[in-house]
file structure-v3.cif (mmCIF, C-alpha atoms, pLDDT in the B column; chains and numbers go by the auth columns)
data_input
loop_
_atom_site.group_PDB
_atom_site.id
_atom_site.type_symbol
_atom_site.label_atom_id
_atom_site.label_comp_id
_atom_site.label_asym_id
_atom_site.label_seq_id
_atom_site.Cartn_x
_atom_site.Cartn_y
_atom_site.Cartn_z
_atom_site.B_iso_or_equiv
_atom_site.auth_seq_id
_atom_site.auth_asym_id
ATOM 1 C CA ILE A 1 40.661 -8.087 37.975 89.00 1 Y
ATOM 2 C CA THR A 2 36.905 -8.072 38.552 95.00 2 Y
ATOM 3 C CA TYR A 3 34.419 -5.503 37.348 95.00 3 Y
ATOM 4 C CA LEU A 4 31.233 -4.227 38.858 96.00 4 Y
ATOM 5 C CA TRP A 5 29.147 -1.845 36.804 96.00 5 Y
ATOM 6 C CA ASN A 6 26.293 0.036 38.418 96.00 6 Y
ATOM 7 C CA PHE A 7 23.884 1.447 35.844 96.00 7 Y
ATOM 8 C CA GLY A 8 21.986 3.681 38.243 95.00 8 Y
ATOM 9 C CA ASP A 9 18.708 1.764 37.971 95.00 9 Y
ATOM 10 C CA ASN A 10 19.461 -0.926 40.574 94.00 10 Y
ATOM 11 C CA LYS A 11 20.961 -3.113 37.851 96.00 11 Y
ATOM 12 C CA THR A 12 24.595 -4.221 37.746 96.00 12 Y
ATOM 13 C CA SER A 13 26.966 -6.240 35.577 97.00 13 Y
ATOM 14 C CA SER A 14 30.270 -8.033 36.159 96.00 14 Y
ATOM 15 C CA GLN A 15 31.246 -8.036 32.482 96.00 15 Y
ATOM 16 C CA LYS A 16 34.215 -6.044 31.294 94.00 16 Y
ATOM 17 C CA MET A 17 32.298 -4.347 28.457 94.00 17 Y
ATOM 18 C CA PRO A 18 28.597 -4.816 29.136 95.00 18 Y
ATOM 19 C CA SER A 19 25.548 -3.573 27.297 95.00 19 Y
ATOM 20 C CA HIS A 20 22.425 -2.461 29.124 95.00 20 Y
ATOM 21 C CA ILE A 21 18.836 -1.596 28.258 93.00 21 Y
ATOM 22 C CA TYR A 22 17.020 0.890 30.463 92.00 22 Y
ATOM 23 C CA SER A 23 13.391 0.032 31.029 88.00 23 Y
ATOM 24 C CA GLY A 24 12.180 3.495 31.954 87.00 24 Y
ATOM 25 C CA VAL A 25 12.548 7.179 31.237 88.00 25 Y
ATOM 26 C CA GLY A 26 14.967 9.035 33.502 92.00 26 Y
ATOM 27 C CA VAL A 27 18.457 10.339 34.226 95.00 27 Y
ATOM 28 C CA TYR A 28 20.961 7.743 35.401 96.00 28 Y
ATOM 29 C CA ASP A 29 24.432 7.938 36.993 95.00 29 Y
ATOM 30 C CA VAL A 30 26.744 5.126 35.895 96.00 30 Y
ATOM 31 C CA SER A 31 29.763 3.941 37.869 96.00 31 Y
ATOM 32 C CA LEU A 32 32.390 1.219 37.580 95.00 32 Y
ATOM 33 C CA GLU A 33 34.208 -0.455 40.449 95.00 33 Y
ATOM 34 C CA ILE A 34 37.382 -2.399 39.637 95.00 34 Y
ATOM 35 C CA LYS A 35 38.873 -4.859 42.111 94.00 35 Y
ATOM 36 C CA PHE A 36 42.480 -6.009 41.784 91.00 36 Y
ATOM 37 C CA LEU A 37 42.604 -9.587 43.029 87.00 37 Y
ATOM 38 C CA LYS A 38 46.290 -9.633 43.849 84.00 38 Y
ATOM 39 C CA SER A 39 46.248 -6.574 46.081 86.00 39 Y
ATOM 40 C CA GLN A 40 42.539 -6.768 46.950 86.00 40 Y
ATOM 41 C CA LYS A 41 42.346 -3.056 46.284 91.00 41 Y
ATOM 42 C CA THR A 42 39.363 -1.466 44.597 91.00 42 Y
ATOM 43 C CA LYS A 43 39.037 1.621 42.497 92.00 43 Y
ATOM 44 C CA LYS A 44 35.799 3.360 41.580 92.00 44 Y
ATOM 45 C CA PHE A 45 35.170 5.364 38.421 92.00 45 Y
ATOM 46 C CA ASP A 46 32.145 7.562 37.848 91.00 46 Y
ATOM 47 C CA TYR A 47 31.015 8.000 34.270 87.00 47 Y
ATOM 48 C CA PRO A 48 31.608 11.693 33.499 86.00 48 Y
ATOM 49 C CA LYS A 49 28.136 12.197 32.037 88.00 49 Y
ATOM 50 C CA THR A 50 24.700 11.143 33.128 91.00 50 Y
ATOM 51 C CA ILE A 51 22.697 8.814 30.911 92.00 51 Y
ATOM 52 C CA THR A 52 19.414 10.404 29.853 89.00 52 Y
ATOM 53 C CA VAL A 53 16.674 8.092 28.615 88.00 53 Y
ATOM 54 C CA LYS A 54 13.894 10.004 26.894 85.00 54 Y
ATOM 55 C CA GLU A 55 10.313 9.050 26.137 86.00 55 Y
ATOM 56 C CA THR A 56 9.940 6.774 23.117 88.00 56 Y
ATOM 57 C CA PRO A 57 6.914 7.228 20.855 93.00 57 Y
ATOM 58 C CA ILE A 58 4.572 4.302 20.302 95.00 58 Y
ATOM 59 C CA ALA A 59 3.535 3.871 16.677 98.00 59 Y
ATOM 60 C CA GLN A 60 -0.063 2.795 16.149 98.00 60 Y
ATOM 61 C CA PHE A 61 -2.591 3.282 13.372 98.00 61 Y
ATOM 62 C CA SER A 62 -5.980 2.211 12.120 98.00 62 Y
ATOM 63 C CA TYR A 63 -7.494 2.273 8.658 98.00 63 Y
ATOM 64 C CA ASP A 64 -10.803 2.238 6.838 97.00 64 Y
ATOM 65 C CA ILE A 65 -10.942 1.042 3.242 94.00 65 Y
ATOM 66 C CA ASN A 66 -13.710 1.674 0.744 90.00 66 Y
ATOM 67 C CA GLU A 67 -13.819 -1.361 -1.516 82.00 67 Y
ATOM 68 C CA GLU A 68 -16.010 0.516 -3.983 78.00 68 Y
ATOM 69 C CA ASP A 69 -13.091 2.609 -5.229 79.00 69 Y
ATOM 70 C CA GLY A 70 -10.014 1.449 -3.287 86.00 70 Y
ATOM 71 C CA THR A 71 -9.782 4.597 -1.152 91.00 71 Y
ATOM 72 C CA CYS A 72 -8.146 3.893 2.198 96.00 72 Y
ATOM 73 C CA LEU A 73 -8.118 6.444 5.023 98.00 73 Y
ATOM 74 C CA PHE A 74 -5.284 5.908 7.498 99.00 74 Y
ATOM 75 C CA THR A 75 -5.577 7.326 11.015 98.00 75 Y
ATOM 76 C CA ASP A 76 -2.541 7.853 13.229 98.00 76 Y
ATOM 77 C CA ASN A 77 -3.083 6.651 16.805 98.00 77 Y
ATOM 78 C CA SER A 78 0.530 7.060 17.941 97.00 78 Y
ATOM 79 C CA SER A 79 1.680 8.739 21.136 93.00 79 Y
ATOM 80 C CA GLU A 80 4.198 11.600 21.293 89.00 80 Y
ATOM 81 C CA ALA A 81 4.665 11.667 17.497 95.00 81 Y
ATOM 82 C CA ILE A 82 5.526 14.815 15.544 96.00 82 Y
ATOM 83 C CA GLN A 83 6.749 13.204 12.304 98.00 83 Y
ATOM 84 C CA TRP A 84 5.159 10.454 10.236 98.00 84 Y
ATOM 85 C CA ASN A 85 6.481 8.283 7.430 98.00 85 Y
ATOM 86 C CA TRP A 86 3.985 5.950 5.780 99.00 86 Y
ATOM 87 C CA VAL A 87 4.802 3.150 3.343 99.00 87 Y
ATOM 88 C CA PHE A 88 1.648 1.768 1.727 98.00 88 Y
ATOM 89 C CA GLY A 89 3.104 -1.439 0.308 97.00 89 Y
ATOM 90 C CA ASP A 90 2.568 -0.513 -3.349 95.00 90 Y
ATOM 91 C CA LYS A 91 5.662 1.685 -3.788 94.00 91 Y
ATOM 92 C CA ASN A 92 3.774 4.784 -2.601 97.00 92 Y
ATOM 93 C CA MET A 93 4.561 6.794 0.533 98.00 93 Y
ATOM 94 C CA SER A 94 3.325 9.787 2.533 98.00 94 Y
ATOM 95 C CA LYS A 95 4.501 12.087 5.312 98.00 95 Y
ATOM 96 C CA ASP A 96 1.000 13.236 6.271 98.00 96 Y
ATOM 97 C CA LYS A 97 -0.365 12.456 9.714 98.00 97 Y
ATOM 98 C CA ASN A 98 -3.632 10.976 8.477 98.00 98 Y
ATOM 99 C CA PRO A 99 -3.164 10.259 4.771 98.00 99 Y
ATOM 100 C CA GLU A 100 -5.657 9.038 2.218 97.00 100 Y
ATOM 101 C CA HIS A 101 -4.418 6.519 -0.320 96.00 101 Y
ATOM 102 C CA VAL A 102 -6.040 4.773 -3.274 91.00 102 Y
ATOM 103 C CA TYR A 103 -5.250 1.121 -4.036 91.00 103 Y
ATOM 104 C CA ILE A 104 -5.863 0.205 -7.662 83.00 104 Y
ATOM 105 C CA ALA A 105 -5.460 -3.575 -7.490 82.00 105 Y
ATOM 106 C CA ASP A 106 -6.501 -6.477 -5.300 84.00 106 Y
ATOM 107 C CA GLY A 107 -3.834 -7.875 -3.014 90.00 107 Y
ATOM 108 C CA ILE A 108 -2.317 -7.984 0.452 94.00 108 Y
ATOM 109 C CA TYR A 109 -0.253 -4.890 1.211 97.00 109 Y
ATOM 110 C CA ASN A 110 2.345 -4.527 3.965 98.00 110 Y
ATOM 111 C CA VAL A 111 1.728 -1.073 5.421 98.00 111 Y
ATOM 112 C CA GLN A 112 4.359 0.535 7.625 98.00 112 Y
ATOM 113 C CA LEU A 113 4.164 3.623 9.831 99.00 113 Y
ATOM 114 C CA ASN A 114 7.346 5.052 11.310 98.00 114 Y
ATOM 115 C CA VAL A 115 6.939 7.928 13.783 98.00 115 Y
ATOM 116 C CA SER A 116 9.432 10.199 15.545 97.00 116 Y
ATOM 117 C CA ASN A 117 9.069 12.443 18.582 94.00 117 Y
ATOM 118 C CA ALA A 118 10.687 15.762 19.514 90.00 118 Y
ATOM 119 C CA SER A 119 13.710 13.952 20.989 86.00 119 Y
ATOM 120 C CA GLY A 120 14.416 12.130 17.754 88.00 120 Y
ATOM 121 C CA CYS A 121 13.310 8.757 19.100 90.00 121 Y
ATOM 122 C CA SER A 122 11.285 6.596 16.733 94.00 122 Y
ATOM 123 C CA ASP A 123 9.048 3.560 16.574 96.00 123 Y
ATOM 124 C CA THR A 124 7.486 1.552 13.759 98.00 124 Y
ATOM 125 C CA SER A 125 4.179 -0.263 13.404 98.00 125 Y
ATOM 126 C CA TYR A 126 3.281 -2.787 10.698 98.00 126 Y
ATOM 127 C CA LYS A 127 -0.028 -4.132 9.412 98.00 127 Y
ATOM 128 C CA LYS A 128 -1.104 -6.312 6.514 96.00 128 Y
ATOM 129 C CA ILE A 129 -4.065 -4.887 4.609 95.00 129 Y
ATOM 130 C CA SER A 130 -6.179 -7.091 2.381 92.00 130 Y
ATOM 131 C CA VAL A 131 -7.714 -5.227 -0.561 90.00 131 Y
ATOM 132 C CA LYS A 132 -10.557 -6.747 -2.575 85.00 132 Y
ATOM 133 C CA LEU A 133 -11.986 -4.117 -4.879 79.00 133 Y
ATOM 134 C CA LYS A 134 -15.424 -4.023 -6.377 75.00 134 Y
ATOM 135 C CA GLU A 135 -15.304 -4.552 -10.132 74.00 135 Y
ATOM 136 C CA GLN A 136 -14.773 -1.131 -11.719 76.00 136 Y
ATOM 137 C CA TYR A 137 -16.533 -2.196 -14.894 83.00 137 Y
ATOM 138 C CA SER A 138 -17.925 -5.394 -16.329 88.00 138 Y
ATOM 139 C CA THR A 139 -18.335 -6.748 -19.853 93.00 139 Y
ATOM 140 C CA PRO A 140 -20.605 -9.408 -21.342 93.00 140 Y
ATOM 141 C CA ASN A 141 -18.903 -12.595 -22.479 94.00 141 Y
ATOM 142 C CA SER A 142 -20.965 -12.796 -25.664 95.00 142 Y
ATOM 143 C CA PHE A 143 -23.265 -10.729 -27.886 95.00 143 Y
ATOM 144 C CA SER A 144 -25.355 -11.200 -31.027 94.00 144 Y
ATOM 145 C CA PRO A 145 -25.639 -8.093 -33.245 91.00 145 Y
ATOM 146 C CA ASN A 146 -28.742 -9.239 -35.116 87.00 146 Y
ATOM 147 C CA GLY A 147 -30.914 -6.198 -34.485 83.00 147 Y
ATOM 148 C CA ASP A 148 -33.412 -7.914 -32.201 86.00 148 Y
ATOM 149 C CA GLY A 149 -32.733 -5.422 -29.418 84.00 149 Y
ATOM 150 C CA LEU A 150 -31.103 -8.042 -27.185 88.00 150 Y
ATOM 151 C CA ASN A 151 -27.321 -8.065 -26.717 90.00 151 Y
ATOM 152 C CA ASP A 152 -26.759 -6.240 -29.995 93.00 152 Y
ATOM 153 C CA PHE A 153 -23.672 -4.352 -28.779 95.00 153 Y
ATOM 154 C CA PHE A 154 -20.486 -5.072 -26.862 96.00 154 Y
ATOM 155 C CA GLY A 155 -18.935 -2.614 -24.416 95.00 155 Y
ATOM 156 C CA PRO A 156 -18.223 -2.027 -20.733 94.00 156 Y
ATOM 157 C CA VAL A 157 -20.824 -1.475 -18.044 90.00 157 Y
ATOM 158 C CA ILE A 158 -19.142 0.923 -15.617 86.00 158 Y
ATOM 159 C CA ASN A 159 -19.864 1.753 -11.989 80.00 159 Y
ATOM 160 C CA GLU A 160 -20.228 5.224 -10.515 79.00 160 Y
ATOM 161 C CA ASN A 161 -16.507 5.547 -9.769 77.00 161 Y
ATOM 162 C CA MET A 162 -15.413 5.417 -13.398 85.00 162 Y
ATOM 163 C CA THR A 163 -15.312 8.262 -15.914 87.00 163 Y
ATOM 164 C CA SER A 164 -15.017 8.569 -19.671 88.00 164 Y
ATOM 165 C CA ASP A 165 -11.583 10.198 -19.352 89.00 165 Y
ATOM 166 C CA GLY A 166 -8.933 8.328 -21.282 90.00 166 Y
ATOM 167 C CA PHE A 167 -11.446 5.767 -22.510 95.00 167 Y
ATOM 168 C CA GLU A 168 -10.351 3.489 -25.328 97.00 168 Y
ATOM 169 C CA MET A 169 -11.635 0.109 -26.462 97.00 169 Y
ATOM 170 C CA ASN A 170 -9.855 -2.065 -29.010 98.00 170 Y
ATOM 171 C CA ILE A 171 -11.186 -5.314 -30.452 98.00 171 Y
ATOM 172 C CA TYR A 172 -8.861 -7.851 -32.104 98.00 172 Y
ATOM 173 C CA ASN A 173 -9.555 -11.072 -33.963 96.00 173 Y
ATOM 174 C CA LYS A 174 -7.769 -14.322 -33.086 93.00 174 Y
ATOM 175 C CA SER A 175 -4.935 -13.376 -35.455 94.00 175 Y
ATOM 176 C CA GLY A 176 -4.324 -10.150 -33.550 95.00 176 Y
ATOM 177 C CA VAL A 177 -5.733 -7.908 -36.279 95.00 177 Y
ATOM 178 C CA LEU A 178 -7.538 -4.813 -35.010 97.00 178 Y
ATOM 179 C CA VAL A 179 -11.172 -4.947 -36.142 96.00 179 Y
ATOM 180 C CA PHE A 180 -12.690 -2.153 -34.064 97.00 180 Y
ATOM 181 C CA VAL A 181 -11.551 0.836 -31.999 97.00 181 Y
ATOM 182 C CA THR A 182 -13.385 3.620 -30.206 96.00 182 Y
ATOM 183 C CA LYS A 183 -12.466 6.412 -27.823 96.00 183 Y
ATOM 184 C CA ASP A 184 -16.074 7.348 -27.175 95.00 184 Y
ATOM 185 C CA ILE A 185 -17.560 5.460 -24.234 93.00 185 Y
ATOM 186 C CA ASN A 186 -21.017 5.845 -25.776 92.00 186 Y
ATOM 187 C CA ILE A 187 -20.037 4.009 -28.962 94.00 187 Y
ATOM 188 C CA MET A 188 -20.061 0.244 -28.531 95.00 188 Y
ATOM 189 C CA TRP A 189 -19.027 -2.471 -30.937 96.00 189 Y
ATOM 190 C CA ASP A 190 -21.881 -3.608 -33.163 94.00 190 Y
ATOM 191 C CA GLY A 191 -19.878 -6.440 -34.720 95.00 191 Y
ATOM 192 C CA ARG A 192 -18.827 -4.500 -37.802 93.00 192 Y
ATOM 193 C CA ILE A 193 -15.254 -4.247 -39.014 93.00 193 Y
ATOM 194 C CA LYS A 194 -13.950 -0.729 -38.475 90.00 194 Y
ATOM 195 C CA GLY A 195 -14.486 1.625 -41.404 87.00 195 Y
ATOM 196 C CA THR A 196 -16.811 -0.775 -43.201 90.00 196 Y
ATOM 197 C CA SER A 197 -20.389 -1.968 -43.144 89.00 197 Y
ATOM 198 C CA SER A 198 -19.273 -5.613 -43.102 91.00 198 Y
ATOM 199 C CA TYR A 199 -19.773 -7.735 -40.022 91.00 199 Y
ATOM 200 C CA SER A 200 -16.986 -9.731 -38.446 93.00 200 Y
ATOM 201 C CA GLU A 201 -17.148 -13.503 -38.576 93.00 201 Y
ATOM 202 C CA PRO A 202 -18.727 -15.250 -35.579 95.00 202 Y
ATOM 203 C CA GLY A 203 -16.121 -16.425 -33.079 95.00 203 Y
ATOM 204 C CA VAL A 204 -13.997 -15.368 -30.131 97.00 204 Y
ATOM 205 C CA TYR A 205 -12.458 -11.884 -30.096 98.00 205 Y
ATOM 206 C CA ILE A 206 -10.002 -10.197 -27.776 98.00 206 Y
ATOM 207 C CA TRP A 207 -10.880 -6.879 -26.192 98.00 207 Y
ATOM 208 C CA LYS A 208 -8.664 -4.341 -24.472 98.00 208 Y
ATOM 209 C CA ILE A 209 -10.292 -1.525 -22.516 96.00 209 Y
ATOM 210 C CA SER A 210 -8.699 1.357 -20.620 94.00 210 Y
ATOM 211 C CA MET A 211 -10.343 4.217 -18.719 92.00 211 Y
ATOM 212 C CA LYS A 212 -9.814 6.348 -15.632 88.00 212 Y
ATOM 213 C CA ASN A 213 -11.672 6.524 -12.349 82.00 213 Y
ATOM 214 C CA LYS A 214 -12.672 9.711 -10.569 80.00 214 Y
ATOM 215 C CA PHE A 215 -9.197 9.928 -8.972 75.00 215 Y
ATOM 216 C CA GLY A 216 -7.516 9.960 -12.376 80.00 216 Y
ATOM 217 C CA ILE A 217 -6.136 6.433 -11.959 78.00 217 Y
ATOM 218 C CA ASN A 218 -6.092 4.410 -15.158 83.00 218 Y
ATOM 219 C CA TYR A 219 -7.604 0.923 -15.289 84.00 219 Y
ATOM 220 C CA GLU A 220 -6.680 -1.357 -18.154 88.00 220 Y
ATOM 221 C CA LYS A 221 -8.133 -4.813 -18.716 91.00 221 Y
ATOM 222 C CA THR A 222 -8.054 -7.453 -21.420 95.00 222 Y
ATOM 223 C CA GLY A 223 -10.536 -10.246 -21.995 96.00 223 Y
ATOM 224 C CA PHE A 224 -12.497 -12.307 -24.490 97.00 224 Y
ATOM 225 C CA VAL A 225 -15.942 -11.939 -26.046 97.00 225 Y
ATOM 226 C CA THR A 226 -17.788 -14.320 -28.329 97.00 226 Y
ATOM 227 C CA LEU A 227 -19.593 -12.894 -31.344 96.00 227 Y
ATOM 228 C CA LEU A 228 -22.507 -15.272 -31.860 93.00 228 Y
ATOM 229 C CA ASN A 229 -24.160 -16.294 -35.088 76.00 229 Y
ATOM 230 C CA PHE A 230 -26.650 -13.767 -36.375 64.00 230 Y
#
call {"tool": "encode", "arguments": {"input": "structure-v3.cif", "output": "structure tokens"}}
result
Amino acid sequence: ITYLWNFGDNKTSSQKMPSHIYSGVGVYDVSLEIKFLKSQKTKKFDYPKTITVKETPIAQFSYDINEEDGTCLFTDNSSEAIQWNWVFGDKNMSKDKNPEHVYIADGIYNVQLNVSNASGCSDTSYKKISVKLKEQYSTPNSFSPNGDGLNDFFGPVINENMTSDGFEMNIYNKSGVLVFVTKDINIMWDGRIKGTSSYSEPGVYIWKISMKNKFGINYEKTGFVTLLNF
């Protein structure tokens, strides 16, 4: 027995159970012709239903990232799309057409956009986005609280995207003992041990600072500062 499939798009196959990919939108009539070698007779079968190939959407997008605060505006450039599913690469997602997302850390993020059209067909586009954020706040690496008006206090210098919401600064000595704490962004460490008028010994101290930006996202950092001799 031999087989001759006609897929209705000028393409054929001699396989018994073929697969076929249609290259264009349209309605196609499929038929199968079987030839019996012994009798040389042929029999033709028409597929009872037409094959309808509908338009497939093309997923495309662009983006614009503000490295000042990590805000990224995504713009859908897809064709024929009526549904959108975004994956931002940091465990966050959106179903908006043109979403805005805030990245809170440097890194390379695999962003995915899956779109669907009215026929239920879908397509997916992928892009790698490199995020390098501007420092949200900085701290000096040393200070000398000797009252000379120069580097007398230790605390963060914040940019315009940060707020005082949720602010807390803790200072620890090398043994891990808390020597200073404040929840007021306007109160910096003057070298004194909390609750006393005594100054801490010169040396290296560990600081831990947390605060929120204008989007309500919390930033927490840890570092070292050297308290110099008076």
call {"tool": "residues_near_point", "arguments": {"input": "structure-v3.cif", "point": "(36.5, 6.4, 39.2)", "cutoff": "9 Å", "atoms": "all atoms listed in the file", "output": "MDAnalysis selection string"}}
result
chainID Y and resid 31:34 43:47
call {"tool": "closest_atom_pairs", "arguments": {"input": "structure-v3.cif", "of": "segment 55-161 of chain Y", "to": "segment 201-221 of chain Y", "cutoff": "12 Å", "atoms": "all atoms listed in the file", "output": "Markdown table"}}
result
| residue | atom | partner | partner_atom | distance |
| --- | --- | --- | --- | --- |
| Y:Glu68 | CA | Y:Asn213 | CA | 11.2 |
| Y:Asp69 | CA | Y:Asn213 | CA | 8.2 |
| Y:Gly70 | CA | Y:Phe215 | CA | 10.2 |
| Y:Thr71 | CA | Y:Phe215 | CA | 9.5 |
| Y:Glu100 | CA | Y:Phe215 | CA | 11.8 |
| Y:His101 | CA | Y:Phe215 | CA | 10.5 |
| Y:Val102 | CA | Y:Phe215 | CA | 8.3 |
| Y:Tyr103 | CA | Y:Ile217 | CA | 9.6 |
| Y:Ile104 | CA | Y:Ile217 | CA | 7.6 |
| Y:Ala105 | CA | Y:Tyr219 | CA | 9.3 |
| Y:Glu135 | CA | Y:Tyr219 | CA | 10.8 |
| Y:Gln136 | CA | Y:Tyr219 | CA | 8.3 |
| Y:Tyr137 | CA | Y:Tyr219 | CA | 9.5 |
| Y:Ser138 | CA | Y:Lys221 | CA | 10.1 |
| Y:Thr139 | CA | Y:Trp207 | CA | 9.8 |
| Y:Pro140 | CA | Y:Trp207 | CA | 11.2 |
| Y:Asn141 | CA | Y:Val204 | CA | 9.5 |
| Y:Ser142 | CA | Y:Val204 | CA | 8.7 |
| Y:Phe143 | CA | Y:Pro202 | CA | 10.0 |
| Y:Ser144 | CA | Y:Pro202 | CA | 9.0 |
| Y:Pro145 | CA | Y:Pro202 | CA | 10.2 |
| Y:Asn146 | CA | Y:Pro202 | CA | 11.7 |
| Y:Phe154 | CA | Y:Trp207 | CA | 9.8 |
| Y:Gly155 | CA | Y:Ile209 | CA | 8.9 |
| Y:Pro156 | CA | Y:Ile209 | CA | 8.1 |
| Y:Val157 | CA | Y:Ile209 | CA | 11.4 |
| Y:Ile158 | CA | Y:Asn213 | CA | 9.9 |
| Y:Asn159 | CA | Y:Asn213 | CA | 9.5 |
| Y:Glu160 | CA | Y:Lys214 | CA | 8.8 |
| Y:Asn161 | CA | Y:Asn213 | CA | 5.6 |
call {"tool": "write_last_selection", "arguments": {"input": "structure-v3.cif", "atoms": "C-alpha atoms", "output": "PDB file, in the coordinates of the input"}}
result
ATOM      1  CA  GLU Y  68     -16.010   0.516  -3.983  1.00 78.00           C
ATOM      2  CA  ASP Y  69     -13.091   2.609  -5.229  1.00 79.00           C
ATOM      3  CA  GLY Y  70     -10.014   1.449  -3.287  1.00 86.00           C
ATOM      4  CA  THR Y  71      -9.782   4.597  -1.152  1.00 91.00           C
ATOM      5  CA  GLU Y 100      -5.657   9.038   2.218  1.00 97.00           C
ATOM      6  CA  HIS Y 101      -4.418   6.519  -0.320  1.00 96.00           C
ATOM      7  CA  VAL Y 102      -6.040   4.773  -3.274  1.00 91.00           C
ATOM      8  CA  TYR Y 103      -5.250   1.121  -4.036  1.00 91.00           C
ATOM      9  CA  ILE Y 104      -5.863   0.205  -7.662  1.00 83.00           C
ATOM     10  CA  ALA Y 105      -5.460  -3.575  -7.490  1.00 82.00           C
ATOM     11  CA  GLU Y 135     -15.304  -4.552 -10.132  1.00 74.00           C
ATOM     12  CA  GLN Y 136     -14.773  -1.131 -11.719  1.00 76.00           C
ATOM     13  CA  TYR Y 137     -16.533  -2.196 -14.894  1.00 83.00           C
ATOM     14  CA  SER Y 138     -17.925  -5.394 -16.329  1.00 88.00           C
ATOM     15  CA  THR Y 139     -18.335  -6.748 -19.853  1.00 93.00           C
ATOM     16  CA  PRO Y 140     -20.605  -9.408 -21.342  1.00 93.00           C
ATOM     17  CA  ASN Y 141     -18.903 -12.595 -22.479  1.00 94.00           C
ATOM     18  CA  SER Y 142     -20.965 -12.796 -25.664  1.00 95.00           C
ATOM     19  CA  PHE Y 143     -23.265 -10.729 -27.886  1.00 95.00           C
ATOM     20  CA  SER Y 144     -25.355 -11.200 -31.027  1.00 94.00           C
ATOM     21  CA  PRO Y 145     -25.639  -8.093 -33.245  1.00 91.00           C
ATOM     22  CA  ASN Y 146     -28.742  -9.239 -35.116  1.00 87.00           C
ATOM     23  CA  PHE Y 154     -20.486  -5.072 -26.862  1.00 96.00           C
ATOM     24  CA  GLY Y 155     -18.935  -2.614 -24.416  1.00 95.00           C
ATOM     25  CA  PRO Y 156     -18.223  -2.027 -20.733  1.00 94.00           C
ATOM     26  CA  VAL Y 157     -20.824  -1.475 -18.044  1.00 90.00           C
ATOM     27  CA  ILE Y 158     -19.142   0.923 -15.617  1.00 86.00           C
ATOM     28  CA  ASN Y 159     -19.864   1.753 -11.989  1.00 80.00           C
ATOM     29  CA  GLU Y 160     -20.228   5.224 -10.515  1.00 79.00           C
ATOM     30  CA  ASN Y 161     -16.507   5.547  -9.769  1.00 77.00           C
TER      31      ASN Y 161
END
call {"tool": "atom_distance", "arguments": {"input": "structure-v3.cif", "atom1": "atom CA of Asn170 of chain Y", "atom2": "atom CA of Gly149 of chain Y"}}
result
23.1 Å
call {"tool": "resolve_selection", "arguments": {"input": "structure-v3.cif", "expression": "the PyMOL selection byres ((chain Y and resi 99) around 12)", "output": "list in words"}}
result
Phe61, Ser62, Tyr63, Asp64, Thr71, Cys72, Leu73, Phe74, Thr75, Asp76, Trp84, Asn85, Trp86, Val87, Phe88, Asn92, Met93, Ser94, Lys95, Asp96, Lys97, Asn98, Glu100, His101, Val102 and Leu113 of chain Y
call {"tool": "write_last_selection", "arguments": {"input": "structure-v3.cif", "atoms": "C-alpha atoms", "output": "mmCIF file, in the coordinates of the input"}}
result
data_model
loop_
_atom_site.group_PDB
_atom_site.id
_atom_site.type_symbol
_atom_site.label_atom_id
_atom_site.label_comp_id
_atom_site.auth_asym_id
_atom_site.auth_seq_id
_atom_site.Cartn_x
_atom_site.Cartn_y
_atom_site.Cartn_z
ATOM 1 C CA PHE Y 61 -2.591 3.282 13.372
ATOM 2 C CA SER Y 62 -5.980 2.211 12.120
ATOM 3 C CA TYR Y 63 -7.494 2.273 8.658
ATOM 4 C CA ASP Y 64 -10.803 2.238 6.838
ATOM 5 C CA THR Y 71 -9.782 4.597 -1.152
ATOM 6 C CA CYS Y 72 -8.146 3.893 2.198
ATOM 7 C CA LEU Y 73 -8.118 6.444 5.023
ATOM 8 C CA PHE Y 74 -5.284 5.908 7.498
ATOM 9 C CA THR Y 75 -5.577 7.326 11.015
ATOM 10 C CA ASP Y 76 -2.541 7.853 13.229
ATOM 11 C CA TRP Y 84 5.159 10.454 10.236
ATOM 12 C CA ASN Y 85 6.481 8.283 7.430
ATOM 13 C CA TRP Y 86 3.985 5.950 5.780
ATOM 14 C CA VAL Y 87 4.802 3.150 3.343
ATOM 15 C CA PHE Y 88 1.648 1.768 1.727
ATOM 16 C CA ASN Y 92 3.774 4.784 -2.601
ATOM 17 C CA MET Y 93 4.561 6.794 0.533
ATOM 18 C CA SER Y 94 3.325 9.787 2.533
ATOM 19 C CA LYS Y 95 4.501 12.087 5.312
ATOM 20 C CA ASP Y 96 1.000 13.236 6.271
ATOM 21 C CA LYS Y 97 -0.365 12.456 9.714
ATOM 22 C CA ASN Y 98 -3.632 10.976 8.477
ATOM 23 C CA GLU Y 100 -5.657 9.038 2.218
ATOM 24 C CA HIS Y 101 -4.418 6.519 -0.320
ATOM 25 C CA VAL Y 102 -6.040 4.773 -3.274
ATOM 26 C CA LEU Y 113 4.164 3.623 9.831
#
call {"tool": "atom_distance", "arguments": {"input": "structure-v3.cif", "atom1": "atom CA of Asp165 of chain Y", "atom2": "atom CA of Ile187 of chain Y"}}
result
14.2 Å
call {"tool": "atom_distance", "arguments": {"input": "structure-v3.cif", "atom1": "atom CA of Gly89 of chain Y", "atom2": "atom CA of Gln112 of chain Y"}}
result
7.7 Å
call {"tool": "residues_around", "arguments": {"input": "structure-v3.cif", "residues": "Gly147 of chain Y", "least_positions_apart": "3", "cutoff": "12 Å", "atoms": "all atoms listed in the file", "output": "PyMOL selection string"}}
result
chain Y and resi 143-144+150-153+190-191+230
